[in-house]
Amino acid sequence: MQKQRYTITINASKQKVWNTMLEDATYREWTRAFNPGSYFEGSWEKGSEIRFLGPDPSSGKTGGMYSRIHDIRPNEFVSIEHLGFIQDGKVDTTSDEVKKWTPSFETYTFSEKDGVSEVLVEVDVAEEMVDEFQDMWPKALQELKVLAEK
């Protein structure tokens, strides 16, 4: 497992950036860089289950990540603990494939100075996904910037 870090500066308040990142409609837009059709089900409250879902290109069915909100401080910080895969509506937290990378964390830290915000993303990445994430995360954050600066 490797920790990757990404940052972006956005000309908007951290509250606007936060809302843009986590509200359903705009979440669906900025996460297209990972998988067109991505969405979440669940709550952004501490301890809540949350599912990050989208179409699986190989099967055409819905798949994704089964996770929990580990910690949250509105407009400042959110930590997501990834616990397993979801395939065909079934949660897998026990297979050997899942055990290779769980638990893993994805955190977002928001700061603001003079109306300009910075988002720091830290994500645990399985070795075989490093190159793919290095391509996708900057694209996703650039889309978040465009949306938040509207």
# chains A, B, ... in the order shown; residues from 1 in each chain; ligands from 1
call {"tool": "select_by_dssp", "arguments": {"residues": "chain A", "states": "strand (DSSP E or B)", "output": "PDB file with C-alpha atoms, in the first residue's frame"}}
result
ATOM      1  CA  GLN A   2       1.238   3.446  -0.902  1.00  0.00           C
ATOM      2  CA  LYS A   3      -0.022   6.811   0.352  1.00  0.00           C
ATOM      3  CA  GLN A   4      -0.568   9.351  -2.412  1.00  0.00           C
ATOM      4  CA  ARG A   5      -1.113  13.071  -1.871  1.00  0.00           C
ATOM      5  CA  TYR A   6      -2.793  15.567  -4.171  1.00  0.00           C
ATOM      6  CA  THR A   7      -3.533  19.242  -3.656  1.00  0.00           C
ATOM      7  CA  ILE A   8      -5.409  21.903  -5.543  1.00  0.00           C
ATOM      8  CA  THR A   9      -6.050  25.588  -4.958  1.00  0.00           C
ATOM      9  CA  ILE A  10      -9.580  26.779  -5.667  1.00  0.00           C
ATOM     10  CA  TYR A  39     -22.359   8.186  -7.296  1.00  0.00           C
ATOM     11  CA  PHE A  40     -22.654   7.474  -3.590  1.00  0.00           C
ATOM     12  CA  GLU A  41     -25.328   6.021  -1.349  1.00  0.00           C
ATOM     13  CA  GLY A  42     -25.290   6.683   2.355  1.00  0.00           C
ATOM     14  CA  GLU A  49     -21.854   3.398   6.051  1.00  0.00           C
ATOM     15  CA  ILE A  50     -21.324   4.841   2.596  1.00  0.00           C
ATOM     16  CA  ARG A  51     -21.139   3.090  -0.745  1.00  0.00           C
ATOM     17  CA  PHE A  52     -19.255   4.532  -3.702  1.00  0.00           C
ATOM     18  CA  LEU A  53     -20.852   3.022  -6.773  1.00  0.00           C
ATOM     19  CA  GLY A  54     -20.821   3.106 -10.545  1.00  0.00           C
ATOM     20  CA  PRO A  55     -21.114   0.942 -13.612  1.00  0.00           C
ATOM     21  CA  THR A  62     -23.086  -1.823 -10.638  1.00  0.00           C
ATOM     22  CA  GLY A  63     -20.001  -2.187  -8.486  1.00  0.00           C
ATOM     23  CA  GLY A  64     -17.894  -0.135  -6.152  1.00  0.00           C
ATOM     24  CA  MET A  65     -16.503   0.360  -2.693  1.00  0.00           C
ATOM     25  CA  TYR A  66     -18.037  -0.367   0.686  1.00  0.00           C
ATOM     26  CA  SER A  67     -16.824   2.229   3.194  1.00  0.00           C
ATOM     27  CA  ARG A  68     -17.459   4.031   6.472  1.00  0.00           C
ATOM     28  CA  ILE A  69     -17.031   7.663   7.466  1.00  0.00           C
ATOM     29  CA  HIS A  70     -14.187   7.360   9.963  1.00  0.00           C
ATOM     30  CA  ASP A  71     -14.133  11.041  10.986  1.00  0.00           C
ATOM     31  CA  ILE A  72     -15.666  14.293   9.814  1.00  0.00           C
ATOM     32  CA  ARG A  73     -15.426  17.961  10.736  1.00  0.00           C
ATOM     33  CA  PHE A  77     -11.858  17.384   7.184  1.00  0.00           C
ATOM     34  CA  VAL A  78     -13.353  14.043   6.220  1.00  0.00           C
ATOM     35  CA  SER A  79     -11.769  10.607   6.566  1.00  0.00           C
ATOM     36  CA  ILE A  80     -13.229   7.645   4.694  1.00  0.00           C
ATOM     37  CA  GLU A  81     -12.296   4.105   5.694  1.00  0.00           C
ATOM     38  CA  HIS A  82     -12.614   1.690   2.781  1.00  0.00           C
ATOM     39  CA  LEU A  83     -13.643  -1.762   3.958  1.00  0.00           C
ATOM     40  CA  GLY A  84     -14.506  -3.792   0.884  1.00  0.00           C
ATOM     41  CA  PHE A  85     -15.869  -4.168  -2.628  1.00  0.00           C
ATOM     42  CA  ILE A  86     -19.430  -4.256  -3.844  1.00  0.00           C
ATOM     43  CA  GLN A  87     -20.208  -6.457  -6.831  1.00  0.00           C
ATOM     44  CA  LYS A  90     -23.149  -7.936  -2.627  1.00  0.00           C
ATOM     45  CA  VAL A  91     -20.618  -6.590  -0.139  1.00  0.00           C
ATOM     46  CA  ASP A  92     -17.271  -8.396   0.059  1.00  0.00           C
ATOM     47  CA  SER A 104      -7.424   1.776   3.592  1.00  0.00           C
ATOM     48  CA  PHE A 105      -8.143   5.456   4.096  1.00  0.00           C
ATOM     49  CA  GLU A 106      -8.968   8.435   1.927  1.00  0.00           C
ATOM     50  CA  THR A 107      -8.905  11.853   3.590  1.00  0.00           C
ATOM     51  CA  TYR A 108      -9.747  15.367   2.492  1.00  0.00           C
ATOM     52  CA  THR A 109      -8.446  18.414   4.353  1.00  0.00           C
ATOM     53  CA  PHE A 110      -9.815  21.878   3.519  1.00  0.00           C
ATOM     54  CA  SER A 111      -8.111  25.161   4.381  1.00  0.00           C
ATOM     55  CA  GLU A 112      -8.840  28.747   3.337  1.00  0.00           C
ATOM     56  CA  LYS A 113      -6.989  32.033   3.245  1.00  0.00           C
ATOM     57  CA  VAL A 116      -8.938  30.936  -1.644  1.00  0.00           C
ATOM     58  CA  SER A 117      -9.161  27.320  -0.566  1.00  0.00           C
ATOM     59  CA  GLU A 118      -6.749  24.453  -0.695  1.00  0.00           C
ATOM     60  CA  VAL A 119      -7.862  20.839  -0.751  1.00  0.00           C
ATOM     61  CA  LEU A 120      -5.389  18.177   0.307  1.00  0.00           C
ATOM     62  CA  VAL A 121      -6.298  14.614  -0.614  1.00  0.00           C
ATOM     63  CA  GLU A 122      -4.418  11.700   0.953  1.00  0.00           C
ATOM     64  CA  VAL A 123      -5.305   8.224  -0.224  1.00  0.00           C
ATOM     65  CA  ASP A 124      -3.943   4.736   0.448  1.00  0.00           C
ATOM     66  CA  VAL A 125      -3.442   3.029  -2.901  1.00  0.00           C
TER      67      VAL A 125
END
call {"tool": "closest_residue", "arguments": {"among": "A:Lys145, A:Lys139, A:Lys61, A:Lys46", "to": "Phe34 in chain A", "atoms": "only C-alpha atoms"}}
result
A:Lys139
call {"tool": "select_by_dssp", "arguments": {"residues": "chain A", "states": "helix (DSSP H, G or I)", "output": "NGL selection string"}}
result
:A and (14-22 or 24-33 or 96-99 or 127-148)
call {"tool": "closest_residue", "arguments": {"among": "A:Thr94, A:Asn19, A:Gln134, A:Gln142", "to": "Pro74 in chain A", "atoms": "only C-alpha atoms"}}
result
A:Asn19
call {"tool": "residues_around", "arguments": {"residues": "Ala148 in chain A", "least_positions_apart": "6", "cutoff": "9 Å", "atoms": "only C-alpha atoms", "output": "list in words"}}
result
Ile10, Asn11, Ala12, Ser13, Lys16, Val17, Trp18, Asn19, Thr20 and Met21 of chain A
call {"tool": "atom_distance", "arguments": {"atom1": "CA of Glu97 in chain A", "atom2": "CA of Glu128 in chain A"}}
result
12.2 Å
